[in-house]
Amino acid sequence: WGNSGVYFMPRRANKQLVFGSIAHRFESEIVDPDNFNEALDPDVKADYLGCLFHRCPTLPQSGAIVGFSHMYTVNQEDVHPVIGRAAELKNYFLCNGFSGHGFKLAPAVGSLMSQQILGTKTSQWETSIPLDFMDPNRKPLALQVKTHFA
């Protein structure tokens, strides 16, 4: 992805390029979850296309450009997922904010969640990670770089 922080990958079956970003400028907006813009912002579109045509200058500039926006919940201070009991609600647990890489972490996260919900530690699949490591109300993790891939 280089200095731009933008990456793209081809989807040959439907002749598309899928874009994403690791750049904080695209990942830092705080929005109301009940009322947010789901459309592709013109400035983001221009930035992504600028990066694409910089890398592939002979690529034909034709076809429709469509996009969407989505959100996910993370700890705003360190942009890591939140895993654990919600402080505001009794017996309500949170497990979200993985930004697409939660699937590969699912076995470990599932173990952490089940141990928290049951209030027990397991001897199987033991980890040295404290159960409250990614608690929603934790002190932010210290990071040198703040991106959703931190």
# chains A, B, ... in the order shown; residues from 1 in each chain; ligands from 1

$ residues_around --residues "Ile117 in chain A" --least-positions-apart "5" --cutoff "12 Å" --atoms "only C-alpha atoms" --output "MDAnalysis selection string"
chainID A and resid 83:86 90:95 110:112 131:132

$ write_last_selection --atoms "N, CA and C atoms" --output "PDB file, in the first residue's frame"
ATOM      1  N   ILE A  83     -13.654  -6.224  24.075  1.00  0.00           N
ATOM      2  CA  ILE A  83     -14.070  -7.566  24.451  1.00  0.00           C
ATOM      3  C   ILE A  83     -14.314  -7.563  25.954  1.00  0.00           C
ATOM      4  N   GLY A  84     -15.551  -7.771  26.352  1.00  0.00           N
ATOM      5  CA  GLY A  84     -15.817  -7.854  27.784  1.00  0.00           C
ATOM      6  C   GLY A  84     -17.154  -7.287  28.190  1.00  0.00           C
ATOM      7  N   ARG A  85     -17.340  -7.243  29.489  1.00  0.00           N
ATOM      8  CA  ARG A  85     -18.597  -6.807  30.096  1.00  0.00           C
ATOM      9  C   ARG A  85     -18.800  -5.304  29.887  1.00  0.00           C
ATOM     10  N   ALA A  86     -20.012  -4.950  29.483  1.00  0.00           N
ATOM     11  CA  ALA A  86     -20.373  -3.535  29.346  1.00  0.00           C
ATOM     12  C   ALA A  86     -20.615  -2.960  30.738  1.00  0.00           C
ATOM     13  N   LYS A  90     -26.110  -4.615  33.005  1.00  0.00           N
ATOM     14  CA  LYS A  90     -25.821  -5.829  33.764  1.00  0.00           C
ATOM     15  C   LYS A  90     -25.882  -7.063  32.859  1.00  0.00           C
ATOM     16  N   ASN A  91     -24.890  -7.920  32.953  1.00  0.00           N
ATOM     17  CA  ASN A  91     -24.818  -9.176  32.193  1.00  0.00           C
ATOM     18  C   ASN A  91     -24.891  -8.985  30.682  1.00  0.00           C
ATOM     19  N   TYR A  92     -24.326  -7.888  30.200  1.00  0.00           N
ATOM     20  CA  TYR A  92     -24.266  -7.620  28.764  1.00  0.00           C
ATOM     21  C   TYR A  92     -22.798  -7.549  28.370  1.00  0.00           C
ATOM     22  N   PHE A  93     -22.400  -8.381  27.412  1.00  0.00           N
ATOM     23  CA  PHE A  93     -20.998  -8.451  27.009  1.00  0.00           C
ATOM     24  C   PHE A  93     -20.823  -7.926  25.594  1.00  0.00           C
ATOM     25  N   LEU A  94     -19.713  -7.288  25.346  1.00  0.00           N
ATOM     26  CA  LEU A  94     -19.368  -6.742  24.035  1.00  0.00           C
ATOM     27  C   LEU A  94     -18.221  -7.548  23.430  1.00  0.00           C
ATOM     28  N   CYS A  95     -18.273  -7.730  22.140  1.00  0.00           N
ATOM     29  CA  CYS A  95     -17.190  -8.405  21.423  1.00  0.00           C
ATOM     30  C   CYS A  95     -17.244  -7.895  19.985  1.00  0.00           C
ATOM     31  N   GLY A 110     -13.227 -16.273  21.306  1.00  0.00           N
ATOM     32  CA  GLY A 110     -14.304 -17.099  21.849  1.00  0.00           C
ATOM     33  C   GLY A 110     -13.942 -17.659  23.214  1.00  0.00           C
ATOM     34  N   SER A 111     -12.699 -18.079  23.377  1.00  0.00           N
ATOM     35  CA  SER A 111     -12.242 -18.583  24.668  1.00  0.00           C
ATOM     36  C   SER A 111     -12.258 -17.474  25.719  1.00  0.00           C
ATOM     37  N   LEU A 112     -11.759 -16.293  25.349  1.00  0.00           N
ATOM     38  CA  LEU A 112     -11.771 -15.166  26.290  1.00  0.00           C
ATOM     39  C   LEU A 112     -13.203 -14.802  26.693  1.00  0.00           C
ATOM     40  N   LEU A 131      -7.938 -11.760  31.166  1.00  0.00           N
ATOM     41  CA  LEU A 131      -9.287 -11.761  30.614  1.00  0.00           C
ATOM     42  C   LEU A 131      -9.794 -10.357  30.304  1.00  0.00           C
ATOM     43  N   ASP A 132      -9.301  -9.366  31.012  1.00  0.00           N
ATOM     44  CA  ASP A 132      -9.767  -7.999  30.793  1.00  0.00           C
ATOM     45  C   ASP A 132      -8.848  -7.194  29.868  1.00  0.00           C
TER      46      ASP A 132
END

$ closest_residue --among "A:Met134, A:Leu118, A:Glu77, A:Asn14" --to "Phe98 in chain A" --atoms "only C-alpha atoms"
A:Met134

$ atom_distance --atom1 "CA of Leu52 in chain A" --atom2 "CA of Ala39 in chain A"
19.7 Å

$ closest_residue --among "A:Leu141, A:Leu17, A:Leu49, A:Met9" --to "Pro81 in chain A" --atoms "only C-alpha atoms"
A:Leu141

$ closest_residue --among "A:Pro136, A:Pro42, A:Gly102, A:Pro107" --to "Ala87 in chain A" --atoms "only C-alpha atoms"
A:Pro136

$ atom_distance --atom1 "CA of Val18 in chain A" --atom2 "CA of Ile30 in chain A"
23.5 Å

$ select_by_dssp --residues "range 2-127 of chain A" --states "helix (DSSP H, G or I)" --output "mmCIF file with N, CA, C and O atoms, in the first residue's frame"
data_model
loop_
_atom_site.group_PDB
_atom_site.id
_atom_site.type_symbol
_atom_site.label_atom_id
_atom_site.label_comp_id
_atom_site.auth_asym_id
_atom_site.auth_seq_id
_atom_site.Cartn_x
_atom_site.Cartn_y
_atom_site.Cartn_z
ATOM 1 N N GLY A 2 2.094 1.201 0.400
ATOM 2 C CA GLY A 2 2.981 2.352 0.306
ATOM 3 C C GLY A 2 2.575 3.495 1.213
ATOM 4 O O GLY A 2 1.838 3.315 2.170
ATOM 5 N N ASN A 3 3.041 4.686 0.893
ATOM 6 C CA ASN A 3 2.793 5.852 1.735
ATOM 7 C C ASN A 3 1.337 6.293 1.761
ATOM 8 O O ASN A 3 0.923 7.008 2.654
ATOM 9 N N SER A 4 0.561 5.907 0.779
ATOM 10 C CA SER A 4 -0.825 6.363 0.695
ATOM 11 C C SER A 4 -1.700 5.771 1.782
ATOM 12 O O SER A 4 -2.688 6.363 2.189
ATOM 13 N N ARG A 12 -12.019 -10.627 -9.973
ATOM 14 C CA ARG A 12 -12.131 -10.948 -11.398
ATOM 15 C C ARG A 12 -13.514 -11.395 -11.818
ATOM 16 O O ARG A 12 -13.960 -11.088 -12.915
ATOM 17 N N ALA A 13 -14.209 -12.129 -10.962
ATOM 18 C CA ALA A 13 -15.507 -12.673 -11.345
ATOM 19 C C ALA A 13 -16.503 -11.579 -11.732
ATOM 20 O O ALA A 13 -17.288 -11.760 -12.655
ATOM 21 N N ASN A 14 -16.448 -10.455 -11.056
ATOM 22 C CA ASN A 14 -17.380 -9.376 -11.396
ATOM 23 C C ASN A 14 -16.663 -8.114 -11.886
ATOM 24 O O ASN A 14 -17.244 -7.041 -11.913
ATOM 25 N N HIS A 24 -5.188 6.467 8.945
ATOM 26 C CA HIS A 24 -6.025 6.973 10.026
ATOM 27 C C HIS A 24 -6.999 8.038 9.530
ATOM 28 O O HIS A 24 -8.097 8.177 10.058
ATOM 29 N N ARG A 25 -6.634 8.785 8.485
ATOM 30 C CA ARG A 25 -7.515 9.854 8.003
ATOM 31 C C ARG A 25 -8.853 9.312 7.517
ATOM 32 O O ARG A 25 -9.846 10.026 7.499
ATOM 33 N N PHE A 26 -8.895 8.037 7.141
ATOM 34 C CA PHE A 26 -10.141 7.437 6.699
ATOM 35 C C PHE A 26 -10.873 6.706 7.821
ATOM 36 O O PHE A 26 -11.993 6.279 7.648
ATOM 37 N N GLU A 27 -10.224 6.530 8.925
ATOM 38 C CA GLU A 27 -10.766 5.670 9.979
ATOM 39 C C GLU A 27 -11.072 6.400 11.276
ATOM 40 O O GLU A 27 -11.354 5.773 12.275
ATOM 41 N N PRO A 42 -16.888 12.123 -1.727
ATOM 42 C CA PRO A 42 -16.145 12.523 -2.935
ATOM 43 C C PRO A 42 -14.642 12.676 -2.687
ATOM 44 O O PRO A 42 -13.840 12.290 -3.537
ATOM 45 N N ASP A 43 -14.242 13.184 -1.525
ATOM 46 C CA ASP A 43 -12.814 13.350 -1.248
ATOM 47 C C ASP A 43 -12.119 12.007 -1.053
ATOM 48 O O ASP A 43 -10.986 11.815 -1.479
ATOM 49 N N VAL A 44 -12.807 11.055 -0.447
ATOM 50 C CA VAL A 44 -12.245 9.707 -0.276
ATOM 51 C C VAL A 44 -12.122 9.042 -1.641
ATOM 52 O O VAL A 44 -11.102 8.420 -1.957
ATOM 53 N N LYS A 45 -13.157 9.178 -2.452
ATOM 54 C CA LYS A 45 -13.137 8.621 -3.809
ATOM 55 C C LYS A 45 -11.953 9.177 -4.602
ATOM 56 O O LYS A 45 -11.200 8.420 -5.230
ATOM 57 N N ALA A 46 -11.755 10.484 -4.562
ATOM 58 C CA ALA A 46 -10.642 11.110 -5.283
ATOM 59 C C ALA A 46 -9.298 10.627 -4.750
ATOM 60 O O ALA A 46 -8.377 10.350 -5.527
ATOM 61 N N ASP A 47 -9.184 10.495 -3.443
ATOM 62 C CA ASP A 47 -7.939 10.028 -2.838
ATOM 63 C C ASP A 47 -7.626 8.595 -3.264
ATOM 64 O O ASP A 47 -6.514 8.265 -3.671
ATOM 65 N N TYR A 48 -8.625 7.720 -3.182
ATOM 66 C CA TYR A 48 -8.446 6.322 -3.576
ATOM 67 C C TYR A 48 -8.066 6.210 -5.051
ATOM 68 O O TYR A 48 -7.150 5.468 -5.413
ATOM 69 N N LEU A 49 -8.799 6.936 -5.901
ATOM 70 C CA LEU A 49 -8.506 6.866 -7.335
ATOM 71 C C LEU A 49 -7.133 7.446 -7.656
ATOM 72 O O LEU A 49 -6.426 6.923 -8.515
ATOM 73 N N GLY A 50 -6.745 8.499 -6.967
ATOM 74 C CA GLY A 50 -5.402 9.056 -7.159
ATOM 75 C C GLY A 50 -4.328 8.034 -6.848
ATOM 76 O O GLY A 50 -3.347 7.900 -7.585
ATOM 77 N N CYS A 51 -4.518 7.290 -5.767
ATOM 78 C CA CYS A 51 -3.561 6.241 -5.402
ATOM 79 C C CYS A 51 -3.554 5.120 -6.435
ATOM 80 O O CYS A 51 -2.492 4.621 -6.822
ATOM 81 N N LEU A 52 -4.745 4.728 -6.891
ATOM 82 C CA LEU A 52 -4.845 3.665 -7.889
ATOM 83 C C LEU A 52 -4.139 4.052 -9.182
ATOM 84 O O LEU A 52 -3.320 3.297 -9.711
ATOM 85 N N PHE A 53 -4.422 5.241 -9.707
ATOM 86 C CA PHE A 53 -3.827 5.651 -10.980
ATOM 87 C C PHE A 53 -2.349 5.998 -10.846
ATOM 88 O O PHE A 53 -1.618 5.942 -11.834
ATOM 89 N N HIS A 54 -1.896 6.287 -9.646
ATOM 90 C CA HIS A 54 -0.457 6.456 -9.417
ATOM 91 C C HIS A 54 0.245 5.109 -9.580
ATOM 92 O O HIS A 54 1.316 5.019 -10.175
ATOM 93 N N ARG A 55 -0.379 4.049 -9.041
ATOM 94 C CA ARG A 55 0.207 2.708 -9.123
ATOM 95 C C ARG A 55 -0.001 2.069 -10.486
ATOM 96 O O ARG A 55 0.815 1.284 -10.943
ATOM 97 N N GLY A 102 -11.334 -10.245 12.696
ATOM 98 C CA GLY A 102 -11.834 -11.018 13.814
ATOM 99 C C GLY A 102 -11.940 -12.506 13.536
ATOM 100 O O GLY A 102 -11.807 -13.320 14.436
ATOM 101 N N PHE A 103 -12.148 -12.867 12.267
ATOM 102 C CA PHE A 103 -12.314 -14.277 11.921
ATOM 103 C C PHE A 103 -11.094 -15.096 12.337
ATOM 104 O O PHE A 103 -11.223 -16.147 12.945
ATOM 105 N N LYS A 104 -9.909 -14.592 12.037
ATOM 106 C CA LYS A 104 -8.704 -15.349 12.380
ATOM 107 C C LYS A 104 -8.453 -15.382 13.879
ATOM 108 O O LYS A 104 -7.719 -16.242 14.364
ATOM 109 N N LEU A 105 -9.058 -14.450 14.616
ATOM 110 C CA LEU A 105 -8.890 -14.408 16.064
ATOM 111 C C LEU A 105 -10.019 -15.113 16.806
ATOM 112 O O LEU A 105 -10.010 -15.184 18.025
ATOM 113 N N ALA A 106 -10.993 -15.630 16.063
ATOM 114 C CA ALA A 106 -12.203 -16.179 16.660
ATOM 115 C C ALA A 106 -11.955 -17.244 17.736
ATOM 116 O O ALA A 106 -12.588 -17.190 18.793
ATOM 117 N N PRO A 107 -11.069 -18.214 17.554
ATOM 118 C CA PRO A 107 -10.884 -19.206 18.620
ATOM 119 C C PRO A 107 -10.402 -18.587 19.939
ATOM 120 O O PRO A 107 -10.943 -18.890 21.000
ATOM 121 N N ALA A 108 -9.438 -17.705 19.865
ATOM 122 C CA ALA A 108 -8.925 -17.076 21.086
ATOM 123 C C ALA A 108 -9.959 -16.144 21.702
ATOM 124 O O ALA A 108 -10.157 -16.129 22.923
ATOM 125 N N VAL A 109 -10.630 -15.368 20.860
ATOM 126 C CA VAL A 109 -11.643 -14.433 21.353
ATOM 127 C C VAL A 109 -12.818 -15.200 21.956
ATOM 128 O O VAL A 109 -13.343 -14.824 23.012
ATOM 129 N N GLY A 110 -13.227 -16.273 21.306
ATOM 130 C CA GLY A 110 -14.304 -17.099 21.849
ATOM 131 C C GLY A 110 -13.942 -17.659 23.214
ATOM 132 O O GLY A 110 -14.780 -17.691 24.125
ATOM 133 N N SER A 111 -12.699 -18.079 23.377
ATOM 134 C CA SER A 111 -12.242 -18.583 24.668
ATOM 135 C C SER A 111 -12.258 -17.474 25.719
ATOM 136 O O SER A 111 -12.742 -17.673 26.837
ATOM 137 N N LEU A 112 -11.759 -16.293 25.349
ATOM 138 C CA LEU A 112 -11.771 -15.166 26.290
ATOM 139 C C LEU A 112 -13.203 -14.802 26.693
ATOM 140 O O LEU A 112 -13.487 -14.561 27.873
ATOM 141 N N MET A 113 -14.102 -14.749 25.714
ATOM 142 C CA MET A 113 -15.488 -14.405 26.008
ATOM 143 C C MET A 113 -16.147 -15.434 26.916
ATOM 144 O O MET A 113 -16.812 -15.081 27.885
ATOM 145 N N SER A 114 -15.995 -16.710 26.588
ATOM 146 C CA SER A 114 -16.654 -17.739 27.391
ATOM 147 C C SER A 114 -16.113 -17.744 28.821
ATOM 148 O O SER A 114 -16.879 -17.923 29.772
ATOM 149 N N GLN A 115 -14.810 -17.521 28.980
ATOM 150 C CA GLN A 115 -14.239 -17.468 30.326
ATOM 151 C C GLN A 115 -14.778 -16.274 31.117
ATOM 152 O O GLN A 115 -15.048 -16.371 32.314
ATOM 153 N N GLN A 116 -14.948 -15.143 30.434
ATOM 154 C CA GLN A 116 -15.497 -13.959 31.113
ATOM 155 C C GLN A 116 -16.961 -14.175 31.491
ATOM 156 O O GLN A 116 -17.381 -13.843 32.607
ATOM 157 N N ILE A 117 -17.739 -14.711 30.575
ATOM 158 C CA ILE A 117 -19.164 -14.913 30.827
ATOM 159 C C ILE A 117 -19.381 -15.917 31.950
ATOM 160 O O ILE A 117 -20.197 -15.711 32.846
ATOM 161 N N LEU A 118 -18.600 -17.014 31.923
ATOM 162 C CA LEU A 118 -18.742 -18.054 32.943
ATOM 163 C C LEU A 118 -18.022 -17.711 34.245
ATOM 164 O O LEU A 118 -18.279 -18.316 35.276
#

$ closest_residue --among "A:Phe133, A:Val82, A:Thr120, A:Ser21" --to "Asn96 in chain A" --atoms "only C-alpha atoms"
A:Val82

$ atom_distance --atom1 "CA of Lys15 in chain A" --atom2 "CA of Pro60 in chain A"
12.9 Å

$ closest_residue --among "A:Leu59, A:Ala64, A:Val31, A:Val79" --to "Ala142 in chain A" --atoms "only C-alpha atoms"
A:Val79
